Structure formats: structure tokens, C-alpha cells
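*Asks:* Here you go, this is model.txt (compact mmCIF, C-alpha atoms).
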```
# COMPACT_ATOMS: atom_id res chain seq x y z
CA MET A 1 -42.32 -24.90 -18.81
CA LEU A 2 -41.43 -21.88 -20.93
CA GLY A 3 -42.05 -19.54 -17.97
CA ALA A 4 -39.76 -21.65 -15.80
CA SER A 5 -36.93 -21.27 -18.30
CA PHE A 6 -37.22 -17.46 -18.17
CA ALA A 7 -37.28 -17.53 -14.37
CA ALA A 8 -34.17 -19.69 -14.40
CA VAL A 9 -32.03 -16.92 -15.96
CA PRO A 10 -31.95 -14.58 -12.92
CA LEU A 11 -31.67 -17.55 -10.55
CA TYR A 12 -28.72 -18.91 -12.52
CA ASN A 13 -27.05 -15.47 -12.48
CA THR A 14 -27.47 -15.22 -8.71
CA PHE A 15 -26.19 -18.75 -8.11
CA CYS A 16 -23.11 -18.19 -10.26
CA ARG A 17 -22.27 -14.82 -8.70
CA VAL A 18 -22.47 -16.27 -5.20
CA THR A 19 -20.56 -19.50 -5.91
CA GLY A 20 -18.23 -18.46 -8.76
CA PHE A 21 -19.61 -21.44 -10.69
CA GLY A 22 -19.09 -21.62 -14.42
CA GLY A 23 -16.49 -18.88 -14.81
CA THR A 24 -18.58 -16.15 -13.24
CA THR A 25 -16.75 -12.86 -12.90
CA ASN A 26 -16.36 -10.49 -9.95
CA VAL A 27 -18.02 -7.10 -9.63
CA ALA A 28 -15.47 -4.47 -8.61
CA ALA A 29 -16.43 -1.44 -6.54
CA SER A 30 -13.85 0.68 -8.35
CA ALA A 31 -11.30 0.57 -11.14
CA SER A 32 -7.92 -1.06 -10.76
CA THR A 33 -5.04 0.99 -9.36
CA GLU A 34 -2.22 -1.51 -10.00
CA THR A 35 -0.79 -2.67 -13.31
CA ILE A 36 1.51 -5.66 -13.92
CA ASP A 37 3.70 -5.92 -17.05
CA ARG A 38 2.34 -9.37 -17.98
CA LEU A 39 0.12 -9.21 -21.08
CA ILE A 40 -3.13 -11.09 -21.50
CA THR A 41 -5.56 -11.36 -24.42
CA ILE A 42 -9.28 -10.92 -23.80
CA ARG A 43 -11.55 -12.36 -26.50
CA PHE A 44 -15.20 -11.36 -26.81
CA ASP A 45 -18.06 -13.71 -27.66
CA ALA A 46 -21.78 -13.02 -28.15
CA ASN A 47 -24.77 -15.36 -28.39
CA VAL A 48 -28.54 -15.00 -28.53
CA ASN A 49 -31.09 -17.51 -27.24
CA GLY A 50 -33.08 -18.90 -30.17
CA ASP A 51 -36.32 -17.26 -28.98
CA LEU A 52 -34.87 -13.74 -29.09
CA PRO A 53 -34.97 -11.96 -32.48
CA TRP A 54 -31.88 -9.83 -31.83
CA ALA A 55 -28.54 -9.50 -33.56
CA PHE A 56 -25.81 -9.31 -30.94
CA GLN A 57 -22.05 -9.13 -31.45
CA PRO A 58 -18.88 -7.70 -29.94
CA MET A 59 -17.65 -4.50 -31.58
CA GLN A 60 -14.07 -5.77 -31.24
CA GLN A 61 -12.89 -9.37 -31.44
CA ASP A 62 -10.21 -9.10 -28.79
CA VAL A 63 -7.95 -6.77 -26.86
CA VAL A 64 -4.45 -7.28 -25.48
CA LEU A 65 -3.78 -5.51 -22.20
CA LYS A 66 -1.56 -5.56 -19.17
CA ILE A 67 -2.94 -7.30 -16.11
CA GLY A 68 -4.52 -4.62 -13.96
CA ASP A 69 -5.16 -2.24 -16.87
CA ASN A 70 -8.67 -0.80 -16.91
CA ALA A 71 -10.38 -1.61 -20.20
CA LEU A 72 -13.62 -0.72 -21.95
CA ALA A 73 -15.20 -2.93 -24.59
CA TYR A 74 -18.47 -2.61 -26.48
CA TYR A 75 -21.05 -5.04 -27.74
CA GLN A 76 -23.87 -4.10 -30.09
CA ALA A 77 -27.45 -5.35 -29.98
CA ARG A 78 -30.21 -4.77 -32.53
CA ASN A 79 -33.85 -5.79 -32.31
CA LEU A 80 -34.79 -7.55 -35.55
CA GLY A 81 -38.33 -8.27 -34.32
CA LYS A 82 -41.63 -6.44 -34.67
CA ARG A 83 -42.15 -5.66 -30.97
CA THR A 84 -40.26 -4.03 -28.11
CA ILE A 85 -38.35 -6.67 -26.17
CA THR A 86 -36.78 -6.76 -22.72
CA GLY A 87 -33.55 -8.75 -22.73
CA THR A 88 -31.03 -9.80 -20.14
CA ALA A 89 -27.52 -11.14 -20.63
CA VAL A 90 -25.94 -14.00 -18.74
CA PHE A 91 -22.17 -14.15 -18.85
CA ASN A 92 -19.15 -16.26 -18.08
CA VAL A 93 -15.46 -16.45 -18.82
CA THR A 94 -13.34 -19.31 -20.03
CA PRO A 95 -11.25 -20.88 -18.88
CA GLN A 96 -13.45 -21.07 -15.79
CA LYS A 97 -10.46 -20.84 -13.47
CA ALA A 98 -9.97 -17.23 -14.62
CA GLY A 99 -13.42 -16.11 -13.48
CA ARG A 100 -12.30 -15.08 -10.01
CA TYR A 101 -9.73 -12.68 -11.52
CA PHE A 102 -11.98 -11.07 -14.12
CA SER A 103 -13.44 -7.95 -12.47
CA LYS A 104 -16.24 -5.89 -14.01
CA VAL A 105 -16.62 -2.28 -12.88
CA GLU A 106 -19.69 -1.55 -15.03
CA CYS A 107 -21.59 -3.78 -17.42
CA PHE A 108 -24.73 -3.80 -19.54
CA CYS A 109 -25.34 -7.23 -18.01
CA PHE A 110 -26.07 -5.60 -14.63
CA THR A 111 -29.39 -4.26 -15.98
CA GLU A 112 -32.16 -5.30 -18.34
CA GLN A 113 -32.00 -3.98 -21.89
CA TYR A 114 -35.05 -2.67 -23.78
CA LEU A 115 -35.01 -2.42 -27.55
CA ALA A 116 -37.87 -1.26 -29.79
CA PRO A 117 -38.26 -2.84 -33.23
CA GLY A 118 -35.24 -1.92 -35.35
CA GLU A 119 -33.51 -0.19 -32.42
CA ARG A 120 -29.76 -0.64 -32.04
CA SER A 121 -27.73 -0.09 -28.87
CA GLU A 122 -24.04 -0.04 -28.01
CA LEU A 123 -23.52 -1.89 -24.74
CA PRO A 124 -20.35 -1.16 -22.72
CA VAL A 125 -18.46 -3.33 -20.28
CA SER A 126 -15.70 -1.81 -18.12
CA PHE A 127 -13.32 -4.37 -16.62
CA PHE A 128 -9.83 -5.31 -15.49
CA ILE A 129 -7.92 -8.48 -14.69
CA ASP A 130 -7.07 -8.57 -10.99
CA PRO A 131 -3.28 -8.34 -10.48
CA ALA A 132 -3.61 -11.13 -7.85
CA LEU A 133 -3.72 -13.48 -10.86
CA VAL A 134 0.09 -13.37 -11.13
CA ASP A 135 0.40 -14.79 -7.59
CA ASP A 136 -1.68 -17.87 -8.46
CA ARG A 137 0.60 -20.58 -9.89
CA ASN A 138 -2.45 -22.25 -11.47
CA MET A 139 -2.65 -19.22 -13.76
CA ASN A 140 0.92 -19.37 -15.06
CA ASP A 141 -0.24 -20.95 -18.34
CA LEU A 142 -3.06 -18.45 -18.88
CA GLY A 143 -2.61 -16.25 -21.93
CA THR A 144 -6.20 -15.75 -23.12
CA ILE A 145 -9.56 -15.24 -21.42
CA THR A 146 -12.84 -15.30 -23.35
CA LEU A 147 -15.70 -13.14 -22.07
CA SER A 148 -18.98 -14.57 -23.33
CA TYR A 149 -22.56 -13.29 -23.12
CA THR A 150 -25.87 -14.86 -24.08
CA PHE A 151 -29.00 -12.68 -24.31
CA PHE A 152 -32.45 -14.00 -23.35
CA ASP A 153 -35.94 -12.52 -23.75
CA LEU A 154 -37.38 -11.75 -20.30
CA GLY A 155 -40.95 -11.87 -21.59
CA GLN A 156 -44.01 -9.65 -21.63
CA GLU A 157 -44.29 -9.13 -17.86
CA ALA A 158 -40.81 -7.56 -17.66
CA LEU A 159 -41.63 -5.34 -20.63
CA ASP A 160 -44.94 -4.26 -19.05
CA ASP A 161 -43.12 -3.38 -15.80
CA TYR A 162 -40.54 -1.33 -17.72
CA LEU A 163 -43.19 0.55 -19.72
CA ALA A 164 -45.24 1.32 -16.59
CA GLU A 165 -42.15 2.67 -14.78
CA ARG A 166 -41.12 4.73 -17.82
CA ASP A 167 -44.60 6.26 -18.03
CA ARG A 168 -44.64 6.97 -14.28
CA VAL A 169 -41.27 8.75 -14.46
CA ALA A 170 -42.26 10.67 -17.60
CA SER A 171 -45.49 11.79 -15.94
CA HIS A 172 -43.61 12.93 -12.84
CA VAL A 173 -41.05 14.83 -14.91
CA THR A 174 -43.82 16.50 -16.92
CA ASP A 175 -45.67 17.51 -13.73
CA ASP A 176 -42.47 18.98 -12.27
CA ALA A 177 -41.75 20.87 -15.50
CA VAL A 178 -45.24 22.38 -15.50
CA ASP A 179 -44.90 23.39 -11.84
CA ASN A 180 -41.50 24.97 -12.51
CA LEU A 181 -42.76 26.83 -15.57
CA SER A 182 -45.79 28.11 -13.62
CA ALA A 183 -43.50 29.37 -10.84
CA VAL A 184 -41.33 31.24 -13.35
CA LEU A 185 -44.33 32.81 -15.09
CA ASN A 186 -45.97 33.95 -11.84
```
Written as C-alpha cells, that's how I'd like the structure from this file.

*Replies:*
Amino acid sequence: MLGASFAAVPLYNTFCRVTGFGGTTNVAASASTETIDRLITIRFDANVNGDLPWAFQPMQQDVVLKIGDNALAYYQARNLGKRTITGTAVFNVTPQKAGRYFSKVECFCFTEQYLAPGERSELPVSFFIDPALVDDRNMNDLGTITLSYTFFDLGQEALDDYLAERDRVASHVTDDAVDNLSAVLN
């Protein structure tokens, strides 16, 4: 049962991205190029699944920006546990109706995060609110959007995969460095 709950996280992410369910945001191919004078407040929320010994919080509580402005916000995660942990973040926005207009350009939630015991990491999210929001009359009352993340432990198998890949890359880099040094010395 526990394994099924971990497997559910990536499946849930995929389902929400495809359907827009639950306030899922868009992924933008590039930054916004249009700005509208209407202001909107973005609030930041952070949660951790009870099985994950991490501290996780936004580094700013909110930001006020013009619709279409490109913004960068940071969250911070710290591993309070005694072992390296692989985590992944699921996300949504509220109100849910705003999800289709919240566009992420880059986000820590696009990749797994690895933290050693005591390690701390600043996690960026680059985003904008799509200017098409102002053309949607259902958004006329919208003044605040909350971006929320919850981190989950992906388990030992994900950590083992990460460590194996890291060792493979490190070995390859070391071999290349030795080859390059030998070529220079000869």
C-alpha cells in the first residue's frame, strides 16, 4: 500500500497536467512578452508529506505583479533526517479556475530533488500570469492566486537510481579528465 502511494504522485502529476484538474498550471516554452497594467497578488504556500523529514517554506510570502510580468520566486528545503532523500513536489494553484493562466517557465517541481542529511537548497520557480486572463470574464473578480507545493519522499529506489547515475557521470568525467591530461603531457 505504501508503494502504491509513492507511485500515485507521478501519476497524479501527469493526470493534472493533461486535464488541468485541481488548479494545475501550464508549462510555458518561453517567458512572457506582454504586460497588462492590472495587478495581481501571488501567495506562496509550502507543505511536506508527513513521511518526509524536510523543512520546506517559501522565501517570500507573496509578490504583487502586473499580469504578464515575468517573476522569480524561491522556496527553501532542508533535510532534517539522517539519510539522503529523493523528493518530488506536486503543485496546484487556487482558486482552481486560475490554473490555466498560471504559466511556469522553469520550476524545481519539474525535477526530483536530492538532499543529504542537513543539506539545504534554494529552489526557484520562474513564472508569469498569462495576459489572456484579462479577456476571461470569469476572472474579473480574481485578485490573488496561491501557488502551493507539497513535497513527497520518492523512496529508496529513486535514490539508488540517482546515486548510480551520479557515479556513472562522475566516472565518465574522471576518465575524460585523465585522457585530456595524458594528451597534454604527451

*Asks:* For CA of Thr150 (chain A) and CA of Thr35 (chain A), determine how far apart the two atoms are, in Å to one decimal place.

*Replies:*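 Computed distance, CA of Thr150 (chain A) to CA of Thr35 (chain A), equals 29.9 Å.
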
*Asks:* Do you have the CA of Gln156 (chain A)-CA of Glu106 (chain A) distance handy?

*Replies:*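 Going from CA of Gln156 (chain A) over to CA of Glu106 (chain A), I get 26.5 Å.
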
*Asks:* Please provide the set of residues having any atom within 9 Å of Thr33 (chain A), restricted to only C-alpha atoms, with same-chain residues fewer than 4 positions apart removed, written as a short mmCIF file (atom, residue, chain, number, x, y, z; two decimals) with C-alpha atoms, in the coordinates of the input.

*Replies:*
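So the final result, stored in around_28.cif, reads:
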```cif
data_model
loop_
_atom_site.label_atom_id
_atom_site.label_comp_id
_atom_site.auth_asym_id
_atom_site.auth_seq_id
_atom_site.Cartn_x
_atom_site.Cartn_y
_atom_site.Cartn_z
CA GLY A 68 -4.52 -4.62 -13.96
CA ASP A 69 -5.16 -2.24 -16.87
CA ASN A 70 -8.67 -0.80 -16.91
#
```

*Asks:* Measuring atom to atom with all atoms listed in the file, identify which of A:Tyr114, A:Phe152, A:Tyr162, A:Tyr101 is nearest to Phe128 (chain A).

*Replies:* A:Tyr101

*Asks:* Skipping near chain neighbours, those fewer than 4 positions away, what residues fall within 8 Å of Thr84 (chain A) using all atoms listed in the file, listed as a PyMOL selection string?

*Replies:* chain A and resi 79+114-117+159

*Asks:* As an exercise, work out the distance from CA of Ile36 (chain A) to CA of Asn140 (chain A) in Å and give it to one decimal place.

*Replies:*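 If I compute the distance from CA of Ile36 (chain A) to CA of Asn140 (chain A), I get 13.8 Å.
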
*Asks:* Please determine, counting only C-alpha atoms, which residue among A:Met59, A:Ile129, A:Ala89, A:Leu123 has the shortest atom-to-atom distance to Ala31 (chain A).

*Replies:*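 For Ala31 (chain A), the nearest of the candidates is A:Ile129.
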
*Asks:* Report as a VMD selection string all protein, DNA and RNA residues lying within 10 Å of Met139 (chain A), evaluated on only C-alpha atoms, omitting residues in the same chain fewer than 6 positions from it.

*Replies:* chain A and resid 97 to 98 101 133

*Asks:* The selected residues should be written to file as a PDB file, in the coordinates of the input (atoms: C-alpha atoms).

*Replies:*
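Listing of again.pdb after writing:
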```
ATOM      1  CA  LYS A  97     -10.460 -20.840 -13.470  1.00  0.00           C
ATOM      2  CA  ALA A  98      -9.970 -17.230 -14.620  1.00  0.00           C
ATOM      3  CA  TYR A 101      -9.730 -12.680 -11.520  1.00  0.00           C
ATOM      4  CA  LEU A 133      -3.720 -13.480 -10.860  1.00  0.00           C
TER       5      LEU A 133
END
```

*Asks:* Can you tell me, as an mmCIF file with C-alpha atoms, in the coordinates of the input, what residues are no more than 9 Å from Tyr75 (chain A) when counting only C-alpha atoms, ignoring any on the same chain fewer than 6 positions away?

*Replies:*
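around.cif was written with the following content:
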```cif
data_model
loop_
_atom_site.group_PDB
_atom_site.id
_atom_site.type_symbol
_atom_site.label_atom_id
_atom_site.label_comp_id
_atom_site.auth_asym_id
_atom_site.auth_seq_id
_atom_site.Cartn_x
_atom_site.Cartn_y
_atom_site.Cartn_z
ATOM 1 C CA PHE A 44 -15.200 -11.360 -26.810
ATOM 2 C CA ALA A 46 -21.780 -13.020 -28.150
ATOM 3 C CA PHE A 56 -25.810 -9.310 -30.940
ATOM 4 C CA GLN A 57 -22.050 -9.130 -31.450
ATOM 5 C CA PRO A 58 -18.880 -7.700 -29.940
ATOM 6 C CA MET A 59 -17.650 -4.500 -31.580
ATOM 7 C CA GLN A 60 -14.070 -5.770 -31.240
ATOM 8 C CA SER A 121 -27.730 -0.090 -28.870
ATOM 9 C CA GLU A 122 -24.040 -0.040 -28.010
ATOM 10 C CA LEU A 123 -23.520 -1.890 -24.740
ATOM 11 C CA PRO A 124 -20.350 -1.160 -22.720
ATOM 12 C CA VAL A 125 -18.460 -3.330 -20.280
#
```

*Asks:* Return the single residue from A:Leu154, A:Val134, A:Leu72, A:Val105 that is closest to Asn49 (chain A), with distances computed using all atoms listed in the file.

*Replies:* A:Leu154

*Asks:* Using all atoms listed in the file, determine which residues lie at most 10 Å from Thr146 (chain A), disregarding the query and same-chain residues fewer than 3 positions distant; provide the list as number ranges by chain.

*Replies:* A: 23, 41-45, 62, 92-96, 98-99, 149

*Asks:* Between A:Phe108, A:Ala55, A:Ile85, A:Pro131, which residue has the minimum interatomic distance to Glu34 (chain A), considering only C-alpha atoms?

*Replies:*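 Closest to Glu34 (chain A) of all the choices is A:Pro131.
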
*Asks:* Of the residues A:Arg166, A:Arg137, A:Lys104, A:Lys82, which is the one nearest to Glu119 (chain A), using only C-alpha atoms?

*Replies:*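 Selected residue with least distance to Glu119 (chain A): A:Lys82.
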
*Asks:* From the set A:Phe102, A:Arg78, A:Ala71, A:Leu52, which residue has the shortest atom-to-atom contact distance to Ile145 (chain A), counting only C-alpha atoms?

*Replies:*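 The shortest atom-to-atom distance to Ile145 (chain A) comes from A:Phe102.
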
*Asks:* Grab all the atoms of region 57-67 of chain A that the file lists, wrap them in a box along x, y and z, add 4 Å per side, and give me centre plus edge lengths in Å (one decimal) as JSON.

*Replies:*
```
{"center_x": -11.8, "center_y": -6.9, "center_z": -23.8, "size_x": 28.5, "size_y": 12.9, "size_z": 23.5}
```
